[in-house]
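Below you'll find the structure, written out as C-alpha cells, and then a few comments.
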Amino acid sequence: MLTTIFYILSAITLATAFMTVLSRNPIHSAIYLVICFFSIAGHYAMFNAQFLAMVHLIVYSGAIMILMLFTIMMMNFNEQKIRKNNLIVVAAVIALCLVAYVLLATFLKAQPMIEQYVITGEDYQSIKVLGKVLLDDYLVPFEMAAVLLLTSMIGAVLLSKKDKKIKA
Amino acid sequence: MDSTLVLILLLSPFIGFLSNIFFGKSLSKNLSGTIGTIAVGISFVVSVILFNKVLQSGKGITVHFFDWLELFNFKVGFSFLLDQLSLLWLLFVTGIGTLIHLYSISYMHDDENLHKFFSYLNLFVFFMITLVAGSNLLIMFIGWEGVGLCSYLLIGFWYKNQNYNDAAKKAFIMNRIGDLGFLAGIFIIGYLFNSLDYLTIKQVLASGGFVDLGWLAFATLCLFIGATGKSAQLPLYTWLPDAMAGPTPVSALIHAATMVTAGIFMVTRLNFLFELTPAVLNVIAIIGALTALIAAFIALVQNDIKKVLAYSTVSQLGLMFLALGLGAYEVAVFHVVTHAFFKACLFLGSGSVIHAMGGEQDMRYMGGLKSHMKTTYITFLISTLAISGIFPLSGFFSKDEILLVAFHENKVLWVIASLASIMTAFYMFRLLYLTFFGKFRGSEEQKHHLHESPSLMTFPLIVLAILAAVGGLISLPGNSWLNHYLEPIFIGSRPHHAVDSTAYMLMGVATVGALIGIFLAYSKYIKKGELPAKDKEVTGFAKVLHNKFYVDEIYTAIIVKPIYALGDFFKAVVEVAIAAIVFGTGKVANLLSDQGRTLQNGSVGLYLFVFVLGFSTIVYYLFLA
Amino acid sequence: MLQNILQEIGIENYIFLATALFCVGIFGVLYRRNAIVVFMSIEIMLNAVNLLLVAFSTYHQDAAGQVFVFFSMAVAAAEVAIGLAILVAIYRNLKSIDIDDLRNLKG
C-alpha cells in the first residue's frame, strides 16, 4: 500500500511541477506550485518526519507562495511576447538532458555502494530528538539563521521602498 | 715631510683649477692668470726640491696615501713613486708648464674665457703629474685618461667653431681607442703578476720569477697600442694635426712637450717588461721609424705653420719610439727632454708670429718678419737649428744618439731615420725662410699691425731657446750624466756604446745630411724665391702629400661609414621590429579581450545556461571520470 | 508501518524522483522569460534537494539531514523575500519583468 501512495504522490509532484513550468498564466503556475508543495509535504509525512512536514507547509505554501501571489497580483502582466531568440529553447532542452544524464549516471555509478536498509528501531527523528540535535550540535548555525532572516527582512523593506523623487 | 711635499705637488695645480673654475669669472684677467701660473710654479719648486733630494740619496721616494683596492691578495694602493725618471719628467713638465702659463697670460689676453683656459691648463698639469708620479699602472691610467680629457677640453676651447669641436672629438675618440689597448694590457699584467705596482713587478722579474712570455708579449703589445693613441704614432696619429685647432699655448704644452710624451714615459717606466718581449720591441721600432718617415713626407708640403710643427712633432716622436724599440731607453728620454725644449720654443714662437699677424696662420701670406720681430726670429732660428741637428745645439746630440743606436742595431731603420732627419732639416728651414725671409706677402693692414710681442711672451721664448741651445750638455757622448742618472730604473747593467771612429763618422754623416737639407731649402725658397702653390694648383705626388696620403679619407670609408651604416640599419630595421613586437603584444591583448567581451552580452538566460554547463562539468569530473 | 518505508520502496526511487524534479526546475529556469516563474522553478529545485536530504536522513537514521532541511528552508524563505523585493524595484524602473529586457550588464 505504501508503494501505491508513493507512486500517486510522485505523479502529482512531477505533473504539477511540469505544469508550473509550462503554463502561460503566472497565477496558474503559482497554484500548481502550491499543489506540488502539498504533495512534497505528503512525502515528508510518509517518512514519519511530521515536524518537517508541518514546517514545510507553513513556510512554503503558507508564506512563500502567498508572497509570490501578492507580487504577481501587484503587477499586471501582458501576454508573453513572441520569443525573439529560439536558441534559448534549444539551450534549455540541452541543459535539461545534460543535467538529467549527469545525475543519473552518478547515481548508477554509485549503485554498488547502496547497502541494505536496516532498521535499528531507535528514535532519530521525533521532535524531541530533533530539538536536541538542533540546539545542541547546530546552535551556531541556528543563531546565524536568525540573523539571516533579520537581514533579509530589513533588506526587503529597504529595497522595495518607493523612491521619493518619482511622483508615481 | 715627503708626503706633504708630494701632496703640495699634486694639489697645487688642482687648487688652481678649482679657484679659477669657480671664482675666475669675478677676478680680473691678470689675477686669474697669475693664480694659474703660481699654482704650476709651486709644483715646479717642489719638483726641484724633490729632485735635489733624490739626486743626493740616489733612491726614489715612495709615498703611500691609502689602500685603494683590495681583493684577496691583489692590492692596489693610492701611492706615488718619485724616482729619477718621474722627477726628470716632472721637472720639465712643470717647468715648461710654468713658462707656457706665463706666455698665455699675454697671448689669451683678449679672450673672455681666460679663467676657463687657465683652469683647464691647471687641470691638465694636475693629471700629467698624476700620470708621471703614480707608483702603479692604475694611477698612471687615471692621469692618462685625465690628460686626454683636458686635451679635448682645450682643443675645443673656442667652442663656437664646429670644426674645432670636431677636432676635439676626433682627438678624444682616437685616444680612447688607444686606451682600450692600454686597459687590456693593464688587465693582463695584473693577472700575470698579481700586482700593478712598478716596484713589485720589477722585484718579481729581478729575482727571476717565471712569467708566461706569450701573454706578456700580448700585454706589452696592448700597452704599446695605448701609447700609439696617446703619442700619435701610426695608425692613430691623425688627431694631432687636427688638434692644432686649439690655442697655440695648448699646442705647445700638450701636443709638443708633455701629453704626447706620456707613451714614451710609459714604455720607459715598464722597460723591464718590454725587455722580455723583443718581438714587441721590434714592432715598436718599425712603427716609430715608419711614422717618422711618413710624417716628414707630409710636412714637406703643408702651408699652415702649426700643421708643419704638428707633423714635425709626430715625426720626432717616431724617432723616439724608434730609440725605444731598439732598447735605448735613455736615448729616447734624452730626445724627449731636448725635443720638449725646442718644440715648445717653436710653437710659442709661431704663436708670437700668429699674434703679430692678427690670426693669420698660412705661411704663404707671411714673409720678411725678421726685421719686425727680432726676438722671435732669433729664438726661432736657434730652435730650428736644434731640431735640424746642428752642432753644438741640443738636438744634435740627442738625434745623433738615436742614429748611432739605429746604425748598430738595424741598418735599414738607420737609413729611414736618416732620411727623416734630412727631410726635417728641409721642411723646418722651409718654414723659417717662408716666414721670416723675403718680402712680406700679406695685406697692407696686416703689415701695419706687425710688432714684436710683449715681454710676457718673449721671456719664455728666450728661456726655452737657451735651454734648447745648452740642453745637450746633460748627455754628452761618452760622458752621459743622464745615462748615469737613470741607471736605477733599469734591471741590470746597460749596454755601453763606445765613442769610436764609427760614432764620429756617423755624426759627420748626419751633419752633412742636415746641411744638405738646409741647402736645398735655401736654394728653393731664397735663391729661386719660389712660393708654395695655391691649394687648387697642387698636382702629382705633392697632391698626395698635401692630402696627407688620404689617410683620413681611408679611415672615414673603412671605419666611420660602416658604423654609421650599422646605426642606420639598427634604426630602420631593428628598432621597427622591436616596436612592432612591443606594440603588437598590446594589439594581441586587445584582440583577445574583444573576443572575450562578447561573452558578456547581458542576457541572464545565457549566464544561467553557462552556469548549468559548468555545474554538469564539475559533477562529471568529480564523480564520473 | 511507516518505519520500513525504505525497505518497501527502496532509496533508488526517491533518488529518481528528486533528480527528475531538479531537472524540471532547471528547464523552467532556462525556458521561461517571466521572472516570477523563474523564481518558482528555483523553488522547485530547492524542494527537490530537500526531499533527497530527508530521504537520506531516514536511510542513515541520522537527524542531521532534517536539521539541514530546516536551514535550507530558512534560507529559501529569506531568498524569496529579497528576490521579490528586487523584482518589485526592477518593475518600478522598467515596467516589465521579462528577463530579456534586463540587459544593462552588457559588457
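In the C-alpha cells, chains take letters A, B, ... by order of appearance, with residues numbered from 1 within each chain and ligands from 1 in the order shown.
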Residue contacts of Leu346 of chain B (8 Å, only C-alpha atoms) excluding same-chain residues fewer than 2 positions away, as a VMD selection string
chain B and resid 309 342 to 344 348 to 350 380 383 to 384
Selected residues written out, N, CA and C atoms, as a JSON list (two decimals), in the first residue's frame:
[["chain", "number", "residue", "atom", "x", "y", "z"],
["B", 309, "LEU", "N", 104.51, 72.20, -37.78],
["B", 309, "LEU", "CA", 105.08, 71.84, -36.48],
["B", 309, "LEU", "C", 104.43, 70.59, -35.92],
["B", 342, "PHE", "N", 113.02, 72.52, -27.59],
["B", 342, "PHE", "CA", 112.97, 73.28, -28.85],
["B", 342, "PHE", "C", 111.58, 73.26, -29.47],
["B", 343, "LYS", "N", 110.79, 72.19, -29.27],
["B", 343, "LYS", "CA", 109.47, 72.21, -29.89],
["B", 343, "LYS", "C", 108.57, 73.22, -29.20],
["B", 344, "ALA", "N", 108.66, 73.29, -27.86],
["B", 344, "ALA", "CA", 107.86, 74.29, -27.16],
["B", 344, "ALA", "C", 108.26, 75.69, -27.63],
["B", 348, "LEU", "N", 105.70, 78.27, -29.36],
["B", 348, "LEU", "CA", 105.43, 79.59, -28.78],
["B", 348, "LEU", "C", 105.85, 80.68, -29.76],
["B", 349, "GLY", "N", 106.96, 80.41, -30.48],
["B", 349, "GLY", "CA", 107.37, 81.39, -31.48],
["B", 349, "GLY", "C", 106.32, 81.53, -32.57],
["B", 350, "SER", "N", 105.79, 80.40, -33.01],
["B", 350, "SER", "CA", 104.75, 80.50, -34.05],
["B", 350, "SER", "C", 103.53, 81.22, -33.51],
["B", 380, "PHE", "N", 113.49, 81.51, -32.70],
["B", 380, "PHE", "CA", 113.01, 80.54, -33.68],
["B", 380, "PHE", "C", 114.18, 79.93, -34.44],
["B", 383, "SER", "N", 115.97, 77.39, -32.29],
["B", 383, "SER", "CA", 115.24, 76.13, -32.16],
["B", 383, "SER", "C", 115.24, 75.35, -33.47],
["B", 384, "THR", "N", 115.15, 76.06, -34.59],
["B", 384, "THR", "CA", 115.16, 75.36, -35.87],
["B", 384, "THR", "C", 116.50, 74.67, -36.10]]
Can you check which residues of chain A DSSP gives as alpha helix (DSSP H) on the backbone and send them as a short mmCIF file (atom, residue, chain, number, x, y, z; two decimals) with C-alpha atoms, in the first residue's frame?
data_model
loop_
_atom_site.label_atom_id
_atom_site.label_comp_id
_atom_site.auth_asym_id
_atom_site.auth_seq_id
_atom_site.Cartn_x
_atom_site.Cartn_y
_atom_site.Cartn_z
CA LEU A 2 2.78 2.37 0.75
CA THR A 3 4.15 1.83 -2.71
CA THR A 4 0.86 2.86 -4.25
CA ILE A 5 0.71 6.04 -2.20
CA PHE A 6 4.24 6.76 -3.16
CA TYR A 7 3.56 6.44 -6.85
CA ILE A 8 0.45 8.60 -6.66
CA LEU A 9 2.25 11.30 -4.74
CA SER A 10 5.20 11.21 -7.11
CA ALA A 11 2.93 11.50 -10.10
CA ILE A 12 1.23 14.54 -8.62
CA THR A 13 4.56 16.11 -7.78
CA LEU A 14 6.05 15.71 -11.23
CA ALA A 15 2.89 16.63 -13.07
CA THR A 16 2.31 19.80 -11.15
CA ALA A 17 5.95 20.74 -11.45
CA PHE A 18 5.74 20.44 -15.21
CA MET A 19 2.54 22.43 -15.31
CA THR A 20 4.20 25.14 -13.26
CA VAL A 21 6.91 25.50 -15.80
CA LEU A 22 4.77 25.19 -18.88
CA PRO A 26 1.63 33.04 -13.89
CA ILE A 27 -1.26 32.65 -11.47
CA HIS A 28 -1.87 29.18 -12.79
CA SER A 29 1.82 28.46 -12.25
CA ALA A 30 1.52 29.60 -8.68
CA ILE A 31 -1.45 27.41 -7.95
CA TYR A 32 0.22 24.40 -9.45
CA LEU A 33 3.25 25.06 -7.36
CA VAL A 34 1.17 25.11 -4.19
CA ILE A 35 -0.23 21.70 -5.05
CA CYS A 36 3.30 20.50 -5.70
CA PHE A 37 4.38 21.66 -2.28
CA PHE A 38 1.46 19.85 -0.70
CA SER A 39 2.45 16.61 -2.35
CA ILE A 40 6.00 17.01 -1.14
CA ALA A 41 4.67 17.53 2.36
CA GLY A 42 2.88 14.22 1.89
CA HIS A 43 6.22 12.63 1.05
CA TYR A 44 7.69 14.01 4.24
CA ALA A 45 4.79 12.61 6.23
CA MET A 46 5.44 9.20 4.71
CA GLN A 50 5.91 15.05 10.93
CA PHE A 51 7.54 18.20 12.22
CA LEU A 52 9.25 18.81 8.95
CA ALA A 53 6.04 18.26 7.01
CA MET A 54 4.22 20.84 9.10
CA VAL A 55 7.02 23.37 8.88
CA HIS A 56 7.25 22.78 5.13
CA MET A 65 3.65 31.24 -2.20
CA ILE A 66 1.47 33.90 -0.61
CA LEU A 67 4.33 36.32 -1.16
CA MET A 68 4.61 35.34 -4.77
CA LEU A 69 0.90 35.58 -5.34
CA PHE A 70 0.85 39.06 -3.86
CA THR A 71 3.72 40.10 -6.13
CA ILE A 72 2.01 38.63 -9.20
CA MET A 73 -1.16 40.43 -8.41
CA MET A 74 0.70 43.69 -7.89
CA LEU A 87 18.28 29.46 -29.27
CA ILE A 88 17.34 29.64 -25.62
CA VAL A 89 14.76 26.88 -26.03
CA VAL A 90 17.37 24.64 -27.51
CA ALA A 91 19.69 25.60 -24.70
CA ALA A 92 17.07 24.79 -22.12
CA VAL A 93 16.38 21.38 -23.55
CA ILE A 94 20.07 20.63 -23.82
CA ALA A 95 20.57 21.69 -20.24
CA LEU A 96 17.73 19.51 -19.09
CA CYS A 97 19.04 16.44 -20.81
CA LEU A 98 22.59 17.14 -19.69
CA VAL A 99 21.76 17.52 -16.06
CA ALA A 100 19.49 14.53 -16.10
CA TYR A 101 22.13 12.43 -17.70
CA VAL A 102 24.85 13.52 -15.33
CA LEU A 103 22.82 12.97 -12.23
CA LEU A 104 21.51 9.60 -13.31
CA ALA A 105 24.93 8.48 -14.37
CA THR A 106 26.26 9.48 -10.99
CA PHE A 107 23.56 7.54 -9.31
CA LEU A 108 24.13 4.47 -11.40
CA LYS A 109 27.80 4.57 -10.75
CA ILE A 127 10.52 16.31 17.60
CA LYS A 128 12.27 15.68 20.87
CA VAL A 129 15.37 14.32 19.23
CA LEU A 130 15.28 16.91 16.50
CA GLY A 131 15.10 19.71 19.04
CA LYS A 132 18.02 18.27 20.92
CA VAL A 133 20.18 17.94 17.84
CA LEU A 134 19.25 21.34 16.55
CA LEU A 135 20.02 23.23 19.68
CA ASP A 136 22.91 21.08 20.76
CA LEU A 139 23.37 26.06 17.80
CA VAL A 140 25.61 28.49 15.97
CA PRO A 141 24.03 27.94 12.55
CA PHE A 142 20.68 28.32 14.24
CA GLU A 143 21.57 31.73 15.55
CA MET A 144 23.10 32.63 12.21
CA ALA A 145 19.86 31.70 10.51
CA ALA A 146 18.09 34.07 12.81
CA VAL A 147 20.47 36.86 11.87
CA LEU A 148 19.99 35.96 8.21
CA LEU A 149 16.23 36.27 8.45
CA LEU A 150 16.56 39.60 10.20
CA THR A 151 18.88 40.87 7.48
CA SER A 152 16.61 39.74 4.70
CA MET A 153 13.67 41.40 6.34
CA ILE A 154 15.50 44.70 6.57
CA GLY A 155 16.78 44.27 3.03
CA ALA A 156 13.37 43.54 1.62
CA VAL A 157 11.86 46.59 3.25
CA LEU A 158 14.73 48.79 2.08
CA LEU A 159 14.73 47.56 -1.49
#
Which is closer to Leu613 of chain B than all the others in C:Val80, C:Val38, C:Ala85, C:Ile26, using only C-alpha atoms?
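Of C:Val80, C:Val38, C:Ala85, C:Ile26, the one nearest Leu613 of chain B, counting only C-alpha atoms, is C:Ile26.
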Nearest residue to Gln56 of chain B from the set B:Thr130, B:Gln84, B:Leu450, B:Gly143 (distances using only C-alpha atoms):
B:Gln84
Could you build a table of the residues in chain B lying no more than 12 Å from chain C, giving for each the nearest pair of atoms and their separation in Å rounded to one decimal place, using only C-alpha atoms, ordered by chain and ascending residue number, as JSON lines?
{"residue": "B:Ser593", "atom": "CA", "partner": "C:Gly107", "partner_atom": "CA", "distance": 11.1}
{"residue": "B:Asp594", "atom": "CA", "partner": "C:Gly107", "partner_atom": "CA", "distance": 10.2}
{"residue": "B:Gln595", "atom": "CA", "partner": "C:Gly107", "partner_atom": "CA", "distance": 11.5}
{"residue": "B:Gly596", "atom": "CA", "partner": "C:Gly107", "partner_atom": "CA", "distance": 9.8}
{"residue": "B:Arg597", "atom": "CA", "partner": "C:Gly107", "partner_atom": "CA", "distance": 6.3}
{"residue": "B:Thr598", "atom": "CA", "partner": "C:Gly107", "partner_atom": "CA", "distance": 7.6}
{"residue": "B:Leu599", "atom": "CA", "partner": "C:Gly107", "partner_atom": "CA", "distance": 8.3}
{"residue": "B:Gln600", "atom": "CA", "partner": "C:Gly107", "partner_atom": "CA", "distance": 5.3}
{"residue": "B:Asn601", "atom": "CA", "partner": "C:Lys106", "partner_atom": "CA", "distance": 4.5}
{"residue": "B:Gly602", "atom": "CA", "partner": "C:Lys106", "partner_atom": "CA", "distance": 3.9}
{"residue": "B:Ser603", "atom": "CA", "partner": "C:Arg103", "partner_atom": "CA", "distance": 5.8}
{"residue": "B:Val604", "atom": "CA", "partner": "C:Ile99", "partner_atom": "CA", "distance": 6.6}
{"residue": "B:Gly605", "atom": "CA", "partner": "C:Leu30", "partner_atom": "CA", "distance": 6.1}
{"residue": "B:Leu606", "atom": "CA", "partner": "C:Leu30", "partner_atom": "CA", "distance": 8.5}
{"residue": "B:Tyr607", "atom": "CA", "partner": "C:Leu30", "partner_atom": "CA", "distance": 9.7}
{"residue": "B:Leu608", "atom": "CA", "partner": "C:Leu30", "partner_atom": "CA", "distance": 6.9}
{"residue": "B:Phe609", "atom": "CA", "partner": "C:Leu30", "partner_atom": "CA", "distance": 6.8}
{"residue": "B:Val610", "atom": "CA", "partner": "C:Leu30", "partner_atom": "CA", "distance": 10.5}
{"residue": "B:Phe611", "atom": "CA", "partner": "C:Leu30", "partner_atom": "CA", "distance": 10.6}
{"residue": "B:Val612", "atom": "CA", "partner": "C:Ile26", "partner_atom": "CA", "distance": 8.1}
{"residue": "B:Leu613", "atom": "CA", "partner": "C:Ile26", "partner_atom": "CA", "distance": 11.2}
{"residue": "B:Phe615", "atom": "CA", "partner": "C:Ile26", "partner_atom": "CA", "distance": 11.6}
{"residue": "B:Ser616", "atom": "CA", "partner": "C:Cys23", "partner_atom": "CA", "distance": 11.8}
Counting only C-alpha atoms, what is within 9 Å of Phe14 of chain B, bar same-chain residues fewer than 4 positions away, as a list in words?
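In the requested form, the answer reads Leu10, Leu18, Ser19, Ala39, Ser119, Asn122, Leu123, Phe124, Val125, Phe126 and Phe127 of chain B.
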Can you work out the spacing between atom CA of Asn136 of chain B and atom CA of Arg176 of chain B in Å, to one decimal?
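These atoms are spaced 20.2 Å apart.
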Pick from C:Ala55, C:Gln61, C:Leu46, C:Phe16 nearest to Ala74 of chain C, counting only C-alpha atoms
C:Leu46
Would you work out the distance separating atom CA of Phe92 of chain B from atom CA of Phe341 of chain B, expressed in Å to one decimal?
8.5 Å
Rows by chain and residue number, chain C within 8 Å of chain A, shortest pair, only C-alpha atoms, as a tab-separated table:
residue	atom	partner	partner_atom	distance
C:Leu2	CA	A:Asn48	CA	6.3
C:Gln3	CA	A:Asn48	CA	7.4
C:Asn4	CA	A:Ile119	CA	7.4
C:Ile5	CA	A:Phe47	CA	7.0
C:Leu6	CA	A:Tyr117	CA	7.0
C:Gln7	CA	A:Tyr117	CA	6.3
C:Glu8	CA	A:Thr3	CA	7.0
C:Ile9	CA	A:Thr3	CA	6.0
C:Ile15	CA	A:Phe107	CA	7.8
C:Phe16	CA	A:Leu104	CA	7.7
C:Leu17	CA	A:Ser10	CA	7.0
C:Thr19	CA	A:Leu103	CA	6.8
C:Ala20	CA	A:Ala100	CA	7.2
C:Leu21	CA	A:Leu14	CA	6.5
C:Cys23	CA	A:Leu96	CA	5.6
C:Val24	CA	A:Phe18	CA	6.6
C:Gly25	CA	A:Val21	CA	7.8
C:Ile26	CA	A:Leu96	CA	6.4
C:Phe27	CA	A:Leu96	CA	5.5
C:Gly28	CA	A:Val21	CA	5.1
C:Leu30	CA	A:Ala92	CA	5.2
C:Tyr31	CA	A:Ala92	CA	5.6
C:Arg32	CA	A:Val21	CA	7.2
C:Ile36	CA	A:Met68	CA	7.5
C:Val37	CA	A:Pro26	CA	6.7
C:Met40	CA	A:Leu33	CA	7.5
C:Ser41	CA	A:Val21	CA	6.9
C:Ile44	CA	A:Ala17	CA	7.2
C:Asn47	CA	A:Ile40	CA	8.0
C:Leu51	CA	A:Ile40	CA	7.5
C:Val54	CA	A:Tyr44	CA	7.4
C:Ala55	CA	A:Phe47	CA	7.5
C:Thr58	CA	A:Phe47	CA	7.2
C:Tyr59	CA	A:Tyr117	CA	6.7
C:Gln61	CA	A:Tyr124	CA	6.1
C:Asp62	CA	A:Tyr124	CA	6.2
C:Ala63	CA	A:Gln125	CA	5.7
C:Ala64	CA	A:Val133	CA	7.5
C:Gln66	CA	A:Leu52	CA	7.4
C:Val67	CA	A:Leu134	CA	6.3
C:Phe70	CA	A:Leu52	CA	7.7
C:Phe71	CA	A:Ala145	CA	7.0
C:Met73	CA	A:Val59	CA	7.5
C:Ala74	CA	A:Ala145	CA	6.9
C:Val75	CA	A:Ala145	CA	7.5
C:Ala77	CA	A:Ile64	CA	6.4
C:Ala78	CA	A:Ser152	CA	5.5
C:Glu79	CA	A:Ser152	CA	7.5
C:Val80	CA	A:Ile64	CA	6.9
C:Ala81	CA	A:Ala156	CA	6.1
C:Ile82	CA	A:Ala156	CA	5.0
C:Leu84	CA	A:Thr71	CA	7.2
C:Ala85	CA	A:Ser160	CA	5.2
C:Ile86	CA	A:Leu159	CA	6.3
C:Val88	CA	A:Ser160	CA	6.4
C:Ala89	CA	A:Ser160	CA	5.8
C:Tyr91	CA	A:Met75	CA	7.9
Backbone-only DSSP, strand (DSSP E or B) members of segment 74-122 of chain B, as a list in words:
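Answer for segment 74-122 of chain B restricted to strand (DSSP E or B) is Phe74, Lys75, Val76, Gly77, Phe78, Ser79, Phe80, Leu81 and Leu82 of chain B.
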Selection near segment 395-403 of chain B, 8 Å with only C-alpha atoms, sequence-local residues under 5 positions removed, as an MDAnalysis selection string
chainID B and resid 319:320 322:323 331:332 334:335 338:339 385:390 414 417:418 468 472 475:477 506:507 510
